[in-house]
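A.B. asks: Please see the structure below; I have some questions.
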Amino acid sequence: MNSELPTPLVLYDGECKFCHWCTDFIIQHESSSTLNFAWLQGELGTRIREEHHVPTSLDSILYLDETGLYTKSAAAFRIAPFLSPPSRWISHLSLLPLSWTDAIYDLIARYRKKIMGSTSSCVVPNTDSERFY
């Protein structure tokens with residue numbers, strides 16, 4: 001993995017209001033300011049997708065750290081330990097089969113823009129701008 005990358009890194013859909021809400025939730029409940037963030041549509045997000053051969057059709061949050069790139073529920077389970085309790089307890093769901101948790105993730109992903117809408121431009125949460133790429 002490229003050592004220049006800011007890790008741990010959460011890549012999210014910057015044009016999705018639900019994804020923006022989730023990113024705000026992560027920031028507000030993070031136990032320490034450890035995570036970095038980037039838009040999937042941005043320069044860094046595009047570069048990481050290309051380097052890791054992630055198709056643009058994959059509708060998922062991505063999580064990147066020194067061990068690799070994670071998608072869908074596996075990414076959520078990697079992010080959860082950075083949160084304060086009780087939010088971090090979602091990581092215990094990783095004990096369930098990945099096919100089950102990914103099916104639930106896919107269901108939410110399918111309807112996320114219908115639930116909260118989308119925007120034509122990426123939205124930067126009001127926080128530490130040096131953690132956003």
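Numbering starts fresh at 1 for the residues of each chain in the structure tokens, the chains themselves are lettered A, B, ... in the order given, and ligands are numbered from 1 as they appear.
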Could you find all residues in range 17-101 of chain A that DSSP calls alpha helix (DSSP H) from the backbone, and write them as a ChimeraX atom specification?
C.D. replies: /A:17-29,43-51,72-79,98-101
A.B. asks: Can you pull out every residue within 10 Å of Pro81 in chain A, counting only C-alpha atoms, but drop anything in the same chain fewer than 3 positions away, and send it as a short mmCIF file (atom, residue, chain, number, x, y, z; two decimals) with C-alpha atoms, in the first residue's frame?
C.D. replies:
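Final output, selection37.cif:
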```cif
data_model
loop_
_atom_site.label_atom_id
_atom_site.label_comp_id
_atom_site.auth_asym_id
_atom_site.auth_seq_id
_atom_site.Cartn_x
_atom_site.Cartn_y
_atom_site.Cartn_z
CA GLU A 30 -15.49 9.08 17.05
CA SER A 31 -13.65 8.45 20.32
CA ALA A 76 -18.59 -0.50 8.58
CA PHE A 77 -17.27 -3.13 11.01
CA ARG A 78 -13.73 -1.72 10.60
CA SER A 84 -17.51 5.66 21.36
CA PRO A 85 -19.83 3.14 23.03
CA SER A 87 -22.00 2.98 18.68
CA ARG A 88 -18.83 0.88 18.54
CA TRP A 89 -20.79 -2.22 19.51
CA ILE A 90 -21.99 -2.52 15.92
CA SER A 91 -18.64 -4.24 15.30
CA HIS A 92 -20.05 -7.29 17.14
#
```
A.B. asks: Nearest residue to Ser60 in chain A out of A:Ala109, A:Ala38, A:Ala74, A:Leu44, using only C-alpha atoms?
C.D. replies: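 Once distances to Ser60 in chain A are computed over only C-alpha atoms, the minimum belongs to A:Ala109.
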A.B. asks: Fewer than 2 positions away in the same chain doesn't count, so skip those; otherwise give me all residues within 10 Å of Gln41 in chain A, counting only C-alpha atoms, as an mmCIF file with C-alpha atoms, in the first residue's frame.
C.D. replies:
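Below is the file part02.cif, written as the result:
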```cif
data_model
loop_
_atom_site.group_PDB
_atom_site.id
_atom_site.type_symbol
_atom_site.label_atom_id
_atom_site.label_comp_id
_atom_site.auth_asym_id
_atom_site.auth_seq_id
_atom_site.Cartn_x
_atom_site.Cartn_y
_atom_site.Cartn_z
ATOM 1 C CA LEU A 11 -14.237 6.914 1.437
ATOM 2 C CA TYR A 12 -17.878 7.858 1.012
ATOM 3 C CA ASP A 13 -20.318 9.066 -1.638
ATOM 4 C CA GLY A 14 -20.049 12.840 -1.368
ATOM 5 C CA GLU A 15 -23.238 13.362 -3.403
ATOM 6 C CA ALA A 38 -12.409 11.394 1.228
ATOM 7 C CA TRP A 39 -15.137 11.400 -1.398
ATOM 8 C CA GLU A 43 -9.152 12.660 -6.881
ATOM 9 C CA LEU A 44 -8.007 10.470 -3.983
ATOM 10 C CA GLY A 45 -11.132 8.302 -4.099
ATOM 11 C CA THR A 46 -10.725 7.759 -7.827
ATOM 12 C CA ARG A 47 -7.035 6.892 -7.421
ATOM 13 C CA ARG A 49 -10.550 2.754 -6.651
ATOM 14 C CA THR A 56 -17.269 2.428 -10.072
ATOM 15 C CA SER A 121 -21.966 18.478 -5.368
ATOM 16 C CA CYS A 122 -19.928 16.892 -2.606
#
```
A.B. asks: Here is a test: counting only C-alpha atoms, which residue of A:Thr23, A:Lys114, A:Leu98, A:Val54 is nearest to Leu69 in chain A?
C.D. replies: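 For Leu69 in chain A, the nearest of the given residues is A:Val54.
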A.B. asks: Hey, what does DSSP flag as strand (DSSP E or B) within chain A? Can you give it to me as a PyMOL selection string?
C.D. replies: chain A and resi 9-12+16+30+36-39+62-65+68-71+83+118+132
A.B. asks: Excluding Thr101 in chain A and its own-chain neighbours fewer than 4 positions away, which residues fall within 9 Å of it when counting only C-alpha atoms? Please give them as a ChimeraX atom specification.
C.D. replies: /A:72-74,93-94,96-97,105-106
A.B. asks: Check the smallest atom-to-atom distance from each of A:Ser57, A:Tyr63, A:Phe18, A:Lys113 to Ile79 in chain A using only C-alpha atoms, then report the winner.
C.D. replies: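 Of A:Ser57, A:Tyr63, A:Phe18, A:Lys113, the one nearest Ile79 in chain A is A:Tyr63, counting only C-alpha atoms.
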A.B. asks: Please report the interatomic distance between CA of Phe37 in chain A and CA of Thr67 in chain A in Å with one decimal.
C.D. replies: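 Going from CA of Phe37 in chain A over to CA of Thr67 in chain A covers 17.3 Å.
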A.B. asks: For CA of Glu51 in chain A and CA of Leu83 in chain A, determine how far apart the two atoms are, in Å to one decimal place.
C.D. replies: 28.0 Å
A.B. asks: Closest to Gly68 in chain A among A:Phe82, A:Leu95, A:Leu5, A:Gly42, using only C-alpha atoms?
C.D. replies: A:Leu5
A.B. asks: Rounded to one decimal place, report the CA of Ser32 in chain A-CA of Ile104 in chain A distance in Å.
C.D. replies: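 According to the coordinates, CA of Ser32 in chain A and CA of Ile104 in chain A are separated by 28.1 Å.
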